[in-house]
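Chemist: What follows is a single structure, and I will ask about it in a moment.
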Amino acid sequence: MTAGGRSGAGVGARVSIGALLAAVVGASSCEPIQPRPILTAPVNRCPCELYEPGASTAARCSSRDRCEILTAGGRPEYPFWIVVHVPDSSIFAPGFTYVFFSDTQGNPAFTEPPVTPGVVTRCRPPQCLPLGGLVGVSGGYRVTAEASDAVGYPLPQGTSIPVRVVYEPLGNAQQERFPKLPLDRAFASSRIGSGGVVEFSRAIPAGTYRRVFYPQPPFDEFFPPTVSEPVSLAPDFVVDTFVLGADLPLDDPATRTAKITRADGLDGWRAWLVDRPSQRRISVVRTLSGTESEVVLHTAGEQRTPTGGLGDEVEAVVAPPASWTAVPRYVTQLFGGAGLQALRYDPIPPPVAVAGVVVQPITDPNAPLLGYAARVSFESESIARTNAEPSTLLRYSSTVNTDDRGRFATVLPPGTYAATIEPAEGTGYAKRKEIVVVDRALTALTFQPPPRTLLTGRAVLTDGRPLSDAAVVAIPNTSPGARSSLIAEPRPGRTETREDGSFAFELDPGPYILSVIPKAGTGFPRVVVRPDVPGSLTAQVAELPDIRVPAPTRLAFTLRDPSPTGNVIANAVVRIFARSATAPADSDPIEIGNAMTDSEGSVEILLAQEPR
Amino acid sequence: MTGSARARRIRRFVTTALGLASAAVLVDACVIADPPTDLPRPSERRPTIVRASVVPSTSSVLGTWPGKVIVPVELSDPLAEITWATFINYNPVTGEGFIQDDTSKYEPASTRGNIRLLEIPISVPSSDRCLFIEVIVALRLNTRDPRNAHTPEEPGGDSVGWFFSPSGDLAGCPVLDAGLQPLPDSGADADAGGGV
């Protein structure tokens, strides 16, 4: 072998060793290259061929590299409501709520206003929605001297009495009557204002309201509440003053006189009239005494029949003092306004001790009872009377918490009750309503609510991928058509979808609104369905059909206040509501999306089709 | 030194250099390709509720039951998993009032940076008297025993509350402080003055 050959072999060997070493080092260094995603949820990215089309167009790749149902108006093509909750930190309308309505054409919320020559508007729909103006309301409840004499509390002419004022939002310039949306009432109370005048003052969004004045104690014994007709308030300062005896007279006292008897005495008891549909008090609250009490339950503006009567939709209430326990109130409907002259509170047996336990269901009567924490509410169906048939006009309700072993004790007037048992979260047992009879000196009750129903389902994207890591939220469906008085209103529940899009959680039996909410930032909309969860005494499993999550329709706009400078509304929570496509036309709208405005007042919400 | 010896030395030098260079390139390449260890994470800080933006607003008494509250929570670490719990008329003496709890996990993006919107449904109460609704958020809550769920573990948490009174009147609302006894479970008829 030549030196050159040895040398060549040596070089080859060295190169081989070097390459091997490099490969080993490289391999060992490269070994851990494995993606470790923080998020396992699928993300909406182009291409879009596999997605199902929307109502009028196919899913297309948008400029945001996202598959979207691109509509002509850049918004859903079904009617929807935008509810804007202005944050408390806003300079304009802090804590107030505004409603925009968009029909299938986007009107009126997204209607572009006509251009006014010479006027530059910073906020023009459809890209920007200006909030409505504010109304500054102040006023009071005044009484004429004659009216105050008539009620037995003489006051100088035009005296203002302290009141609590309630403004119930009914509609606005965009929609005459709102459906049931999460809009709260606005309250105000009288204060001693400038010049020592008792008046209230507060701001509310411009719109249509029903205004109610409730005189405050002790004036509520003499001066009746008053309800206004729906009144439209435009952005301005408005004086809202009511004068009893001038704007409205007291209703005829002869038709408002109540004669109430109770053999055991009425000292400290109270009586008043209630509007049955709204459960709103419409009369003064009179304190009673003796065993027979004749009082005038004054009303104003409550002439519900041509002759000034109360009609069929009014109830009379006779209630014990607030500190009394285990004594029912008497509530009777006044058909044609009649019956006010003969309100008789019949004697009832003394209350009885009720003890009981909430336990796991058992099949073997000899098995031990295993109790758990729960809450038990009793609502009377009828109350026993001494020497008479039980009465449904006597009403009593009470709620009691059990201890950790499910034991409870309380005191109830004898009668028949609907007992609602609400097992503590985590116990796995369902909320349940049972009819129980409380008729003995010591009534013992044993409640065995059944296990909750295991609801299972699967969320899939319309391109076929499973939707993992999405929240599944179930809230009770409280629409009038969905509720039943025979079953307890179910409790909410929530879970998350697994890697294969499946989910399972335990729920009470009853109607639900179930929302699949993909994680923010994944580019998919929430999808809402309305399942009815079955239940029985034995364990139940219910399976939902696949919930299909489509490519979204994007809704984006900016929120500004109505001032000429058009200041942005930052950090506002914006919620979108729509009616179910399959529910009756007057059903309650359901929330189908929400988001928060950024520092520029802009918001983007991804929406699916109408709820099913 | 002969020319061939110099050439061999040069070849040896070149091959050795090539071998080292290729190894270095491979190692370097792998150092680049090697996924970095987890980024340094900021120290744990308690989640903070953006109180001004909670829905419904806490600035007034609730006259209608909200059914659901929306609580924006600002996080120092957007990857953080947080726990929330709801209470109605929490009684610090007995620990009663716990309703439910759950967790919220990482979200890839939101319109508001590190703010996460929690949607928390709340059951309709069996009583229509004045109630106090409370939401606690924290990195960790001991919800195994509901009596401890009101107290966040380190590094703490945040809470927000609402008064619910159908009449808008706070008379009869829970006053459970300074050792006062809670209201009785039953029998109180406080609605006559409420009016609604």
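Identifiers in the structure tokens: chain A, B, ... in order shown; residue index from 1 per chain; ligand index from 1 in order shown.
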Enumerate, as a ChimeraX atom specification, the complete set of residues in range 60-127 of chain B that a backbone-based DSSP assignment places in strand (DSSP E or B).
Modeler: /B:62,68-74,82-88,98-104,115-121
Chemist: So which residues touch Ala93 in chain A within 8 Å, counting only C-alpha atoms, skipping near sequence neighbours fewer than 5 positions away, as a VMD selection string?
Modeler: chain A and resid 86 134 205
Chemist: Restricted to C-alpha atoms, what would the selected residues look like written as an mmCIF file, in the first residue's frame?
Modeler:
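Result saved to result15.cif:
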```
data_model
loop_
_atom_site.group_PDB
_atom_site.id
_atom_site.type_symbol
_atom_site.label_atom_id
_atom_site.label_comp_id
_atom_site.auth_asym_id
_atom_site.auth_seq_id
_atom_site.Cartn_x
_atom_site.Cartn_y
_atom_site.Cartn_z
ATOM 1 C CA VAL A 86 -71.684 51.261 28.022
ATOM 2 C CA LEU A 134 -79.602 61.107 26.808
ATOM 3 C CA PRO A 205 -81.205 56.901 27.218
#
```
Chemist: For a test of reading the model, state the distance in Å between CA of Gly73 in chain A and CA of Pro611 in chain A, rounded to one decimal.
Modeler: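 If I compute the distance from CA of Gly73 in chain A to CA of Pro611 in chain A, I get 20.4 Å.
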Chemist: Go through B:Glu74, B:Cys130, B:Leu139, B:Pro166 one by one, measure the shortest atom-to-atom distance of each to Pro152 in chain B using only C-alpha atoms, and give the residue with the smallest value.
Modeler: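 Of all the options, B:Leu139 lies closest to Pro152 in chain B.
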Chemist: I'd like the neighbourhood of Glu146 in chain A as number ranges by chain, where a residue qualifies if any of its atoms comes within 10 Å (using only C-alpha atoms), though same-chain residues fewer than 5 positions away should be ignored.
Modeler: A: 151-152, 154-157, 244-246, 249
